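Trainee: target.tsv is reproduced in full below (TSV, C-alpha atoms).
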chain	number	residue	atom	x	y	z
A	1	MET	CA	0.00	0.00	0.00
A	2	LEU	CA	2.73	2.42	1.01
A	3	LYS	CA	4.81	1.63	-2.06
A	4	SER	CA	1.97	2.74	-4.30
A	5	LEU	CA	2.37	6.22	-2.84
A	6	GLY	CA	5.74	6.59	-4.42
A	7	SER	CA	8.87	8.13	-3.00
A	8	TYR	CA	10.73	7.35	0.21
A	9	ARG	CA	9.95	10.88	1.42
A	10	LYS	CA	6.24	10.20	1.14
A	11	THR	CA	6.67	6.93	3.01
A	12	VAL	CA	8.47	8.66	5.87
A	13	ILE	CA	5.93	11.46	6.09
A	14	PHE	CA	2.98	9.13	5.74
A	15	VAL	CA	3.44	7.73	9.20
A	16	HIS	CA	3.08	11.15	10.78
A	17	GLU	CA	0.17	12.16	8.53
A	18	TRP	CA	-1.62	9.11	9.84
A	19	ALA	CA	-1.46	10.42	13.43
A	20	LEU	CA	-2.76	13.82	12.30
A	21	ALA	CA	-5.60	12.26	10.32
A	22	GLU	CA	-6.56	10.16	13.35
A	23	ALA	CA	-6.71	13.28	15.51
A	24	VAL	CA	-8.86	15.16	12.97
A	25	ILE	CA	-11.29	12.28	12.55
A	26	SER	CA	-11.70	11.83	16.33
A	27	THR	CA	-12.44	15.55	16.64
A	28	ILE	CA	-15.07	15.56	13.88
A	29	LEU	CA	-16.78	12.48	15.31
A	30	ASN	CA	-16.76	13.95	18.83
A	31	VAL	CA	-18.27	17.26	17.66
A	32	ALA	CA	-20.90	15.53	15.54
A	33	LYS	CA	-21.91	13.35	18.49
A	34	GLU	CA	-22.02	16.34	20.83
A	35	LYS	CA	-24.28	18.26	18.43
A	36	GLY	CA	-26.56	15.28	17.86
A	37	ALA	CA	-25.80	15.13	14.12
A	38	LYS	CA	-27.65	12.59	11.98
A	39	LYS	CA	-25.27	13.09	9.11
A	40	ILE	CA	-21.94	14.81	8.60
A	41	THR	CA	-22.08	16.23	5.10
A	42	LYS	CA	-18.85	18.17	4.85
A	43	ALA	CA	-15.66	18.93	6.75
A	44	GLU	CA	-13.13	21.60	5.83
A	45	ILE	CA	-9.64	20.99	7.12
A	46	LYS	CA	-7.01	23.72	7.07
A	47	ILE	CA	-3.41	22.68	6.66
A	48	GLY	CA	-0.73	25.15	7.61
A	49	THR	CA	2.24	24.98	5.26
A	50	LEU	CA	4.75	25.25	8.14
A	51	GLN	CA	4.30	21.58	8.96
A	52	GLN	CA	4.84	20.54	5.31
A	53	ILE	CA	2.02	18.05	5.33
A	54	GLU	CA	1.61	16.38	1.96
A	55	VAL	CA	-2.01	16.75	0.97
A	56	ASP	CA	-2.19	13.66	-1.23
A	57	VAL	CA	-0.68	11.53	1.52
A	58	LEU	CA	-3.07	12.96	4.11
A	59	THR	CA	-5.98	12.31	1.72
A	60	PHE	CA	-4.89	8.69	1.53
A	61	ALA	CA	-4.80	8.44	5.34
A	62	PHE	CA	-8.30	9.94	5.57
A	63	ARG	CA	-9.62	7.56	2.94
A	64	GLU	CA	-8.34	4.59	4.91
A	65	LEU	CA	-9.40	5.85	8.33
A	66	VAL	CA	-12.99	6.85	7.47
A	67	LYS	CA	-13.86	3.34	6.30
A	68	ASN	CA	-16.76	1.96	8.37
A	69	THR	CA	-17.26	5.25	10.22
A	70	PRO	CA	-20.05	7.89	9.89
A	71	LEU	CA	-17.53	9.88	7.83
A	72	GLU	CA	-17.40	7.40	4.99
A	73	LYS	CA	-19.56	9.56	2.70
A	74	THR	CA	-18.55	12.95	4.08
A	75	GLU	CA	-16.95	15.42	1.69
A	76	ILE	CA	-13.57	16.17	3.29
A	77	LYS	CA	-12.03	19.30	1.84
A	78	LEU	CA	-8.37	20.03	2.54
A	79	LYS	CA	-7.25	23.64	2.19
A	80	PRO	CA	-3.65	24.79	2.61
A	81	GLU	CA	-2.86	28.01	4.51
A	82	GLU	CA	0.37	29.91	3.92
A	83	VAL	CA	2.66	30.24	6.91
A	84	TYR	CA	3.38	33.77	8.16
A	85	PHE	CA	5.69	34.90	10.92
A	86	LYS	CA	5.72	38.24	12.72
A	87	CYS	CA	8.75	39.46	14.62
A	88	ARG	CA	7.84	40.58	18.13
A	89	VAL	CA	10.89	42.86	18.28
A	90	CYS	CA	10.88	44.82	14.99
A	91	GLY	CA	7.40	43.95	13.74
A	92	VAL	CA	8.37	42.65	10.31
A	93	ARG	CA	6.09	40.03	8.75
A	94	TRP	CA	7.43	37.37	6.44
A	95	ASN	CA	6.37	34.10	4.96
A	96	PHE	CA	8.33	30.92	4.86
A	97	SER	CA	7.94	28.31	2.23
A	98	ASN	CA	9.99	25.37	1.15
A	99	ALA	CA	11.57	24.67	4.55
A	100	THR	CA	13.47	21.64	3.26
A	101	SER	CA	15.55	23.60	0.78
A	102	VAL	CA	16.24	26.39	3.29
A	103	LEU	CA	16.92	24.33	6.41
A	104	GLY	CA	17.87	20.91	5.12
A	105	ARG	CA	16.08	17.63	5.63
A	106	GLU	CA	16.78	17.01	9.34
A	107	LYS	CA	15.53	20.39	10.56
A	108	SER	CA	12.53	20.44	8.26
A	109	GLU	CA	11.57	16.96	9.52
A	110	ALA	CA	11.77	18.27	13.09
A	111	ILE	CA	9.36	21.11	12.19
A	112	HIS	CA	7.15	18.58	10.46
A	113	PHE	CA	6.72	16.72	13.76
A	114	VAL	CA	6.59	19.72	16.11
A	115	PRO	CA	6.06	23.00	14.18
A	116	ASP	CA	7.16	25.28	17.04
A	117	LEU	CA	10.67	23.87	16.82
A	118	VAL	CA	11.05	26.42	14.02
A	119	HIS	CA	12.13	28.79	16.81
A	120	ALA	CA	15.34	26.79	17.18
A	121	PHE	CA	16.20	27.10	13.51
A	122	ILE	CA	15.20	30.44	12.03
A	123	ARG	CA	15.56	34.11	12.93
A	124	CYS	CA	13.85	37.34	11.90
A	125	PRO	CA	15.22	38.31	8.46
A	126	ARG	CA	15.40	41.99	9.46
A	127	CYS	CA	16.72	42.09	13.05
A	128	GLY	CA	17.88	38.51	13.68
A	129	SER	CA	15.61	37.92	16.68
A	130	PRO	CA	14.30	34.44	17.51
A	131	ASP	CA	11.32	36.10	19.20
A	132	PHE	CA	8.64	35.85	16.52
A	133	GLU	CA	5.15	34.47	16.39
A	134	VAL	CA	3.55	32.14	13.90
A	135	VAL	CA	0.57	34.23	12.85
A	136	GLY	CA	-0.86	31.78	10.36
A	137	GLY	CA	-0.34	28.39	8.79
A	138	ARG	CA	0.97	26.65	11.89
A	139	GLY	CA	-0.56	23.14	12.03
A	140	ILE	CA	-3.72	21.33	11.06
A	141	TRP	CA	-7.18	22.23	12.24
A	142	VAL	CA	-10.85	21.70	11.44
A	143	GLU	CA	-12.21	24.97	10.04
A	144	TYR	CA	-15.81	23.78	10.25
A	145	ILE	CA	-18.02	20.77	9.78
A	146	LYS	CA	-21.47	20.71	8.20
A	147	ILE	CA	-24.00	18.46	9.85
A	148	SER	CA	-27.67	17.75	9.43
A	149	LYS	CA	-30.01	16.99	12.32
B	1	MET	CA	-44.17	15.31	2.49
B	2	GLY	CA	-40.56	14.32	3.19
B	3	ARG	CA	-38.72	15.12	6.40
B	4	VAL	CA	-36.90	18.42	6.58
B	5	HIS	CA	-33.21	18.09	7.47
B	6	LYS	CA	-31.60	21.23	8.81
B	7	ASN	CA	-27.97	21.84	7.93
B	8	PHE	CA	-25.63	23.37	10.46
B	9	LYS	CA	-22.09	24.61	10.14
B	10	VAL	CA	-20.22	24.01	13.40
B	11	ARG	CA	-16.75	24.81	14.66
B	12	ALA	CA	-14.48	22.12	16.05
B	13	PRO	CA	-11.81	22.25	18.77
B	14	ASP	CA	-8.08	21.64	18.31
B	15	PRO	CA	-7.89	18.14	16.77
B	16	ARG	CA	-4.78	17.24	18.76
B	17	LEU	CA	-6.76	17.32	22.01
B	18	ALA	CA	-9.05	14.52	20.82
B	19	ILE	CA	-6.24	12.01	20.49
B	20	ILE	CA	-4.21	12.58	23.68
B	21	ASP	CA	-6.31	10.34	25.94
B	22	GLU	CA	-6.05	7.60	23.31
B	23	ARG	CA	-2.25	7.96	23.26
B	24	LEU	CA	-2.10	7.58	27.07
B	25	LYS	CA	-4.75	4.91	27.48
B	26	ASN	CA	-2.26	2.07	28.04
B	27	VAL	CA	-0.17	4.05	30.53
B	28	LYS	CA	-1.04	2.74	33.98
B	29	ARG	CA	0.35	5.53	36.16
B	30	ILE	CA	1.80	8.96	35.46
B	31	PHE	CA	4.27	10.41	37.99
B	32	VAL	CA	5.15	14.07	37.48
B	33	VAL	CA	8.31	15.28	39.21
B	34	VAL	CA	7.82	18.94	40.12
B	35	SER	CA	9.27	21.57	42.38
B	36	GLY	CA	8.52	25.12	41.35
B	37	LYS	CA	12.19	25.93	41.99
B	38	GLY	CA	15.09	25.11	39.68
B	39	GLY	CA	18.29	23.30	40.60
B	40	VAL	CA	16.78	21.02	43.25
B	41	GLY	CA	17.47	17.77	41.39
B	42	LYS	CA	14.18	17.03	39.62
B	43	SER	CA	15.79	15.64	36.48
B	44	LEU	CA	18.19	13.40	38.37
B	45	ILE	CA	15.39	12.09	40.56
B	46	ALA	CA	13.03	11.57	37.57
B	47	THR	CA	15.71	9.75	35.58
B	48	THR	CA	16.96	7.64	38.50
B	49	LEU	CA	13.40	6.71	39.46
B	50	SER	CA	12.84	5.60	35.85
B	51	LEU	CA	15.98	3.45	35.96
B	52	ILE	CA	14.99	1.87	39.30
B	53	LEU	CA	11.47	1.01	38.12
B	54	THR	CA	12.89	-0.44	34.88
B	55	LYS	CA	15.28	-2.61	36.92
B	56	ARG	CA	12.24	-3.89	38.79
B	57	SER	CA	10.89	-5.24	35.49
B	58	HIS	CA	8.32	-2.52	34.97
B	59	SER	CA	7.70	-0.97	31.59
B	60	VAL	CA	8.72	2.67	32.02
B	61	GLY	CA	8.44	5.84	29.94
B	62	LEU	CA	10.34	9.06	30.65
B	63	LEU	CA	9.22	12.38	29.19
B	64	ASP	CA	11.53	15.38	29.50
B	65	LEU	CA	9.20	18.36	29.62
B	66	ASP	CA	11.90	20.92	30.26
B	67	PHE	CA	11.96	22.41	26.75
B	68	HIS	CA	14.29	25.27	27.68
B	69	GLY	CA	16.80	23.17	29.56
B	70	PRO	CA	16.39	19.45	28.87
B	71	SER	CA	18.84	17.27	30.80
B	72	CYS	CA	17.47	13.73	31.19
B	73	HIS	CA	19.27	12.68	27.97
B	74	PHE	CA	22.56	13.84	29.47
B	75	ILE	CA	21.98	11.88	32.68
B	76	LEU	CA	21.03	8.77	30.68
B	77	GLY	CA	23.88	9.16	28.20
B	78	ALA	CA	21.32	8.83	25.39
B	79	LYS	CA	23.69	9.31	22.48
B	80	GLY	CA	22.57	8.27	19.01
B	81	ALA	CA	19.03	7.35	20.05
B	82	MET	CA	16.22	8.58	17.80
B	83	PRO	CA	12.45	8.02	17.77
B	84	THR	CA	11.02	5.84	15.03
B	85	GLU	CA	8.01	6.82	12.98
B	86	GLU	CA	5.02	4.56	12.85
B	87	LYS	CA	1.66	6.27	12.63
B	88	GLY	CA	3.12	8.89	14.95
B	89	ILE	CA	6.36	8.73	16.91
B	90	ILE	CA	7.62	5.83	18.99
B	91	PRO	CA	10.20	6.81	21.64
B	92	PRO	CA	13.44	4.83	21.50
B	93	GLU	CA	14.43	2.61	24.43
B	94	VAL	CA	17.40	4.02	26.29
B	95	HIS	CA	18.67	1.67	29.02
B	96	GLY	CA	15.27	-0.04	28.82
B	97	ILE	CA	13.33	3.24	29.27
B	98	LYS	CA	11.03	4.59	26.54
B	99	PHE	CA	12.57	8.03	26.48
B	100	MET	CA	11.05	11.08	24.80
B	101	SER	CA	12.63	14.51	24.58
B	102	LEU	CA	12.80	17.40	22.12
B	103	VAL	CA	16.55	17.03	22.27
B	104	TYR	CA	16.29	14.45	19.48
B	105	TYR	CA	15.20	17.24	17.16
B	106	VAL	CA	16.94	20.38	18.38
B	107	GLY	CA	20.17	18.96	19.83
B	108	ASP	CA	22.03	21.69	21.71
B	109	GLU	CA	20.28	24.57	19.92
B	110	PRO	CA	18.45	27.03	22.20
B	111	LEU	CA	14.67	26.77	21.86
B	112	PRO	CA	13.31	30.22	22.80
B	113	LEU	CA	9.60	29.54	23.21
B	114	ARG	CA	6.99	31.78	24.79
B	115	GLY	CA	3.94	30.60	26.75
B	116	THR	CA	1.50	29.64	24.00
B	117	GLU	CA	4.33	28.11	21.97
B	118	ILE	CA	5.30	25.91	24.93
B	119	SER	CA	1.69	24.85	25.24
B	120	ASP	CA	1.46	24.09	21.51
B	121	THR	CA	4.71	22.12	21.58
B	122	PHE	CA	3.56	20.04	24.55
B	123	THR	CA	0.16	19.36	22.96
B	124	GLU	CA	1.86	18.30	19.73
B	125	LEU	CA	4.24	15.96	21.57
B	126	LEU	CA	1.40	14.30	23.47
B	127	ALA	CA	-0.66	13.95	20.31
B	128	ILE	CA	2.04	12.25	18.24
B	129	THR	CA	3.93	10.14	20.81
B	130	ARG	CA	2.80	6.54	20.97
B	131	TRP	CA	3.89	5.19	24.35
B	132	GLY	CA	2.20	1.82	24.00
B	133	ARG	CA	1.92	-0.27	27.16
B	134	VAL	CA	3.68	1.45	30.03
B	135	ASP	CA	3.42	0.77	33.78
B	136	TYR	CA	4.91	4.11	34.79
B	137	LEU	CA	5.33	7.26	32.77
B	138	ILE	CA	7.70	9.60	34.60
B	139	VAL	CA	7.47	13.26	33.60
B	140	ASP	CA	10.33	15.61	34.38
B	141	ALA	CA	8.71	19.05	34.70
B	142	PRO	CA	10.64	22.31	34.41
B	143	PRO	CA	10.83	24.84	37.24
B	144	GLY	CA	7.90	27.18	37.76
B	145	ILE	CA	4.15	26.88	37.79
B	146	GLY	CA	3.57	27.97	34.20
B	147	GLU	CA	2.46	26.27	31.00
B	148	GLU	CA	4.07	22.87	31.47
B	149	VAL	CA	2.62	22.20	34.93
B	150	LEU	CA	-0.79	23.64	34.00
B	151	ASP	CA	-0.84	21.64	30.77
B	152	VAL	CA	0.12	18.42	32.56
B	153	ILE	CA	-2.89	18.97	34.82
B	154	ARG	CA	-5.13	19.83	31.85
B	155	LEU	CA	-3.99	17.18	29.39
B	156	MET	CA	-2.58	14.26	31.44
B	157	LYS	CA	-5.56	13.84	33.69
B	158	ARG	CA	-4.33	10.89	35.75
B	159	SER	CA	-1.10	12.59	36.82
B	160	GLU	CA	0.25	12.12	40.35
B	161	PHE	CA	2.75	14.69	41.59
B	162	LEU	CA	6.05	14.10	43.34
B	163	ILE	CA	7.27	17.35	44.89
B	164	VAL	CA	11.02	17.83	45.19
B	165	THR	CA	12.63	20.36	47.48
B	166	THR	CA	15.90	20.97	49.29
B	167	PRO	CA	16.10	21.76	53.01
B	168	SER	CA	16.41	25.48	52.37
B	169	SER	CA	13.85	28.00	53.54
B	170	LEU	CA	14.47	29.94	50.33
B	171	VAL	CA	13.53	26.95	48.16
B	172	LEU	CA	10.62	26.04	50.41
B	173	LYS	CA	9.10	29.49	49.86
B	174	THR	CA	8.63	28.67	46.17
B	175	VAL	CA	7.78	25.02	46.76
B	176	SER	CA	4.98	26.19	49.09
B	177	ARG	CA	3.38	28.16	46.26
B	178	LEU	CA	3.40	25.12	43.99
B	179	THR	CA	2.06	22.91	46.80
B	180	ARG	CA	-0.79	25.34	47.45
B	181	LEU	CA	-1.66	25.35	43.76
B	182	LEU	CA	-1.69	21.53	43.54
B	183	LEU	CA	-3.82	21.29	46.68
B	184	GLU	CA	-6.21	23.94	45.38
B	185	LEU	CA	-6.59	22.04	42.11
B	186	LYS	CA	-7.13	18.81	44.09
B	187	VAL	CA	-4.64	16.79	42.06
B	188	PRO	CA	-3.09	13.68	43.67
B	189	ILE	CA	0.22	14.35	45.45
B	190	LEU	CA	2.47	11.34	46.03
B	191	GLY	CA	4.52	13.19	48.61
B	192	MET	CA	7.45	15.49	49.22
B	193	VAL	CA	11.09	14.48	48.74
B	194	GLU	CA	13.88	16.24	50.57
B	195	ASN	CA	16.88	16.29	48.25
B	196	MET	CA	20.50	17.30	48.93
B	197	ARG	CA	20.38	16.95	52.70
B	198	ILE	CA	23.69	17.87	54.27
B	199	THR	CA	22.85	18.19	57.96
B	200	GLU	CA	20.14	16.79	60.20
B	201	THR	CA	17.02	18.97	59.91
B	202	LYS	CA	13.27	18.64	60.32
B	203	LEU	CA	12.52	21.61	58.04
B	204	VAL	CA	11.05	19.69	55.10
B	205	GLU	CA	9.34	17.04	57.21
B	206	GLU	CA	7.53	19.72	59.19
B	207	HIS	CA	6.72	21.58	56.02
B	208	ALA	CA	5.13	18.48	54.46
B	209	LYS	CA	3.19	17.86	57.66
B	210	ARG	CA	1.86	21.41	57.65
B	211	PHE	CA	0.39	20.84	54.18
B	212	GLY	CA	-0.87	17.35	55.06
B	213	ILE	CA	1.45	15.77	52.49
B	214	LYS	CA	3.39	12.55	52.93
B	215	TYR	CA	7.08	13.13	53.69
B	216	LEU	CA	8.99	10.63	51.56
B	217	GLY	CA	12.31	10.98	53.31
B	218	PRO	CA	15.66	12.55	52.68
B	219	ILE	CA	18.16	12.00	49.88
B	220	LEU	CA	21.62	12.73	51.21
B	221	PHE	CA	23.88	15.13	49.34
B	222	GLU	CA	26.47	13.19	47.39
B	223	TYR	CA	29.65	14.88	46.19
B	224	ASN	CA	30.60	12.44	43.44
B	225	LEU	CA	27.19	12.35	41.76
B	226	GLU	CA	28.56	14.62	39.02
B	227	LYS	CA	30.88	11.81	37.92
B	228	CYS	CA	27.90	9.51	37.32
B	229	LEU	CA	26.15	11.75	34.79
B	230	GLY	CA	25.85	9.91	31.50
B	231	ASN	CA	26.63	6.59	33.15
B	232	PRO	CA	23.44	4.96	34.50
B	233	LYS	CA	25.33	1.85	35.73
B	234	LYS	CA	27.47	4.01	37.96
B	235	LEU	CA	24.47	6.12	38.98
B	236	LEU	CA	22.59	3.03	40.12
B	237	ARG	CA	25.41	2.17	42.55
B	238	THR	CA	25.26	5.49	44.44
B	239	LYS	CA	23.75	6.22	47.84
B	240	PHE	CA	21.57	8.71	46.00
B	241	THR	CA	19.95	5.82	44.10
B	242	HIS	CA	19.70	3.81	47.30
B	243	ASN	CA	17.67	6.64	48.86
B	244	ILE	CA	15.42	6.87	45.80
B	245	LYS	CA	14.82	3.11	45.93
B	246	ASP	CA	13.16	3.63	49.33
B	247	ILE	CA	11.02	6.40	47.85
B	248	ALA	CA	10.11	4.21	44.85
B	249	LYS	CA	8.89	1.51	47.23
B	250	GLU	CA	6.63	4.02	48.97
B	251	ILE	CA	5.00	5.40	45.85
B	252	SER	CA	4.86	2.53	43.33
Translate this file's structure into structure tokens.
Mentor:
Amino acid sequence: MLKSLGSYRKTVIFVHEWALAEAVISTILNVAKEKGAKKITKAEIKIGTLQQIEVDVLTFAFRELVKNTPLEKTEIKLKPEEVYFKCRVCGVRWNFSNATSVLGREKSEAIHFVPDLVHAFIRCPRCGSPDFEVVGGRGIWVEYIKISK
Amino acid sequence: MGRVHKNFKVRAPDPRLAIIDERLKNVKRIFVVVSGKGGVGKSLIATTLSLILTKRSHSVGLLDLDFHGPSCHFILGAKGAMPTEEKGIIPPEVHGIKFMSLVYYVGDEPLPLRGTEISDTFTELLAITRWGRVDYLIVDAPPGIGEEVLDVIRLMKRSEFLIVTTPSSLVLKTVSRLTRLLLELKVPILGMVENMRITETKLVEEHAKRFGIKYLGPILFEYNLEKCLGNPKKLLRTKFTHNIKDIAKEIS
């Protein structure tokens, strides 16, 4: 199954995407149960680009994990969100894409697992401070779910 | 006329929170080593306690929660170990202990995190780490009563707290604040450990009594403990370990 996904990189990442997909599915099911939903028609998932989650790999994990659950026929929409940082010292805002080519594989893998580790590896491009905040595109979250009662 | 189905758009909480209980479901007991004050020996006690329980054939996990100053890896001599990835992260076994720390990813780099970032990092770690079956998960908490301690209480709901202090009235001032907080939040307290005792004193024992907490006894100050860092075999032969064995018997 994994081999059909292609490259070694995808295989490595897949295992982490699985954990994220599990967390998202548990959340949707919990919310639907709490709200007394009869049907979950749609779920929109936002994926921050900081964590470098591969959308096709995550889609595969969802497809496998929703089998035999109330989410089997739910439309799951995955939407990427650009990562933005804001320096708390000088106020500059900047975006950060393609972490692997900038930081190398080891560091970008670390950020993939725990996004806030980015504070160990990058600095504000204007003043060099490590004191910046991730203002958008940090991790993975459920933007909303559509249910019918 | 067919039934009318109403459609609702609803918000959902942080997905990581939904999976944490699942990740910890096969962990029998969680011991959190806390103090409030730094430099009292929390990491050495947490690591040595983990080694002792492992020697007693228990399955043990050790989580270094001190993101700003991790040190359990140094005490264990955990060179070259790295988590494996299997539907999340599986901590490597270091001297028989399932050991998890951010040090695997950041090495000796400083990790300047603020409050919410600490909270996010901790949540992420709990959400992705697969401990499997564990009898005791020992958590080495950083000094203070900030994010890490509050998040342990919020996210690791079965936690039991082991308070570490030294027989110094200065340290006890801070330890008292932490103790009051834990009592106010009604979380289970295993007891209070008196570390680095040099002379006979009843200071900590009386302090524990005043709060209605079990006094777990003294650990005598040992000058050559420094030489045992990074060498668990040597560490296990010290009087320090001998004292912690008595404490382990009391709490496990």
Trainee: Show me the residues close to (17.3, 41.6, 17.3) - anything with an atom within 12 Å, counting only C-alpha atoms - and format the list as a list in words.
Mentor: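 Here is the list of nearby residues: Cys87, Arg88, Val89, Cys90, Gly91, Val92, Arg123, Cys124, Pro125, Arg126, Cys127, Gly128, Ser129, Pro130, Asp131 and Phe132 of chain A.
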Trainee: Contacts from chain B to chain A, 9 Å maximum, only C-alpha atoms: show me the residue list as a PyMOL selection string.
Mentor: chain B and resi 5-20+85-89+102+104-106+109-114+117-118+120-122+124-125+127-128
Trainee: Write out, as a PDB file, keeping the file's coordinate frame, the residues just selected, with C-alpha atoms.
Mentor:
ATOM      1  CA  HIS B   5     -33.210  18.090   7.470  1.00  0.00           C
ATOM      2  CA  LYS B   6     -31.600  21.230   8.810  1.00  0.00           C
ATOM      3  CA  ASN B   7     -27.970  21.840   7.930  1.00  0.00           C
ATOM      4  CA  PHE B   8     -25.630  23.370  10.460  1.00  0.00           C
ATOM      5  CA  LYS B   9     -22.090  24.610  10.140  1.00  0.00           C
ATOM      6  CA  VAL B  10     -20.220  24.010  13.400  1.00  0.00           C
ATOM      7  CA  ARG B  11     -16.750  24.810  14.660  1.00  0.00           C
ATOM      8  CA  ALA B  12     -14.480  22.120  16.050  1.00  0.00           C
ATOM      9  CA  PRO B  13     -11.810  22.250  18.770  1.00  0.00           C
ATOM     10  CA  ASP B  14      -8.080  21.640  18.310  1.00  0.00           C
ATOM     11  CA  PRO B  15      -7.890  18.140  16.770  1.00  0.00           C
ATOM     12  CA  ARG B  16      -4.780  17.240  18.760  1.00  0.00           C
ATOM     13  CA  LEU B  17      -6.760  17.320  22.010  1.00  0.00           C
ATOM     14  CA  ALA B  18      -9.050  14.520  20.820  1.00  0.00           C
ATOM     15  CA  ILE B  19      -6.240  12.010  20.490  1.00  0.00           C
ATOM     16  CA  ILE B  20      -4.210  12.580  23.680  1.00  0.00           C
ATOM     17  CA  GLU B  85       8.010   6.820  12.980  1.00  0.00           C
ATOM     18  CA  GLU B  86       5.020   4.560  12.850  1.00  0.00           C
ATOM     19  CA  LYS B  87       1.660   6.270  12.630  1.00  0.00           C
ATOM     20  CA  GLY B  88       3.120   8.890  14.950  1.00  0.00           C
ATOM     21  CA  ILE B  89       6.360   8.730  16.910  1.00  0.00           C
ATOM     22  CA  LEU B 102      12.800  17.400  22.120  1.00  0.00           C
ATOM     23  CA  TYR B 104      16.290  14.450  19.480  1.00  0.00           C
ATOM     24  CA  TYR B 105      15.200  17.240  17.160  1.00  0.00           C
ATOM     25  CA  VAL B 106      16.940  20.380  18.380  1.00  0.00           C
ATOM     26  CA  GLU B 109      20.280  24.570  19.920  1.00  0.00           C
ATOM     27  CA  PRO B 110      18.450  27.030  22.200  1.00  0.00           C
ATOM     28  CA  LEU B 111      14.670  26.770  21.860  1.00  0.00           C
ATOM     29  CA  PRO B 112      13.310  30.220  22.800  1.00  0.00           C
ATOM     30  CA  LEU B 113       9.600  29.540  23.210  1.00  0.00           C
ATOM     31  CA  ARG B 114       6.990  31.780  24.790  1.00  0.00           C
ATOM     32  CA  GLU B 117       4.330  28.110  21.970  1.00  0.00           C
ATOM     33  CA  ILE B 118       5.300  25.910  24.930  1.00  0.00           C
ATOM     34  CA  ASP B 120       1.460  24.090  21.510  1.00  0.00           C
ATOM     35  CA  THR B 121       4.710  22.120  21.580  1.00  0.00           C
ATOM     36  CA  PHE B 122       3.560  20.040  24.550  1.00  0.00           C
ATOM     37  CA  GLU B 124       1.860  18.300  19.730  1.00  0.00           C
ATOM     38  CA  LEU B 125       4.240  15.960  21.570  1.00  0.00           C
ATOM     39  CA  ALA B 127      -0.660  13.950  20.310  1.00  0.00           C
ATOM     40  CA  ILE B 128       2.040  12.250  18.240  1.00  0.00           C
TER      41      ILE B 128
END
Trainee: Figure out the distance between atom CA of His112 of chain A and atom CA of Pro80 of chain A, please, to one decimal in Å.
Mentor: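 Going from atom CA of Pro80 of chain A over to atom CA of His112 of chain A covers 14.7 Å.
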Trainee: For Ile90 of chain B, work out the shell of residues within 10 Å, counting all atoms listed in the file and skipping chain neighbours fewer than 4 positions away, then give it as a PyMOL selection string.
Mentor: chain B and resi 82-86+98-100+128-132
Trainee: Counting only C-alpha atoms, what is within 10 Å of Thr199 of chain B, bar same-chain residues fewer than 2 positions away, as an MDAnalysis selection string?
Mentor: chainID B and resid 167 196:197 201:202 220:221
Trainee: How would the residues just picked look written out with C-alpha atoms as a PDB file, in the coordinates of the input?
Mentor:
ATOM      1  CA  PRO B 167      16.100  21.760  53.010  1.00  0.00           C
ATOM      2  CA  MET B 196      20.500  17.300  48.930  1.00  0.00           C
ATOM      3  CA  ARG B 197      20.380  16.950  52.700  1.00  0.00           C
ATOM      4  CA  THR B 201      17.020  18.970  59.910  1.00  0.00           C
ATOM      5  CA  LYS B 202      13.270  18.640  60.320  1.00  0.00           C
ATOM      6  CA  LEU B 220      21.620  12.730  51.210  1.00  0.00           C
ATOM      7  CA  PHE B 221      23.880  15.130  49.340  1.00  0.00           C
TER       8      PHE B 221
END
Trainee: Pick out the residues sitting within 10 Å of His95 of chain B, and hand them over as a list in words; count all atoms listed in the file, and ignore anything fewer than 2 positions along from it in its own chain.
Mentor: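 Returned residues: Ser50, Leu51, Thr54, Lys55, Leu76, Gly77, Ala78, Pro92, Glu93, Ile97, Lys98, Phe99, Pro232 and Lys233 of chain B.
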Trainee: For Lys186 of chain B, which residue out of B:Phe74, B:Val103, B:Glu160, B:Arg210 is the nearest one, using all atoms listed in the file?
Mentor: B:Glu160
Trainee: Record the distance separating atom CA of Leu150 of chain B and atom CA of Gln52 of chain A, expressed in Å with one decimal.
Mentor: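 Atom-to-atom, atom CA of Leu150 of chain B and atom CA of Gln52 of chain A are spaced 29.4 Å apart.
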Trainee: Please, what distance in Å, to one decimal, runs between atom CA of Val134 of chain B and atom CA of Ser59 of chain B?
Mentor: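 About the pair atom CA of Val134 of chain B and atom CA of Ser59 of chain B: they are 4.9 Å apart.
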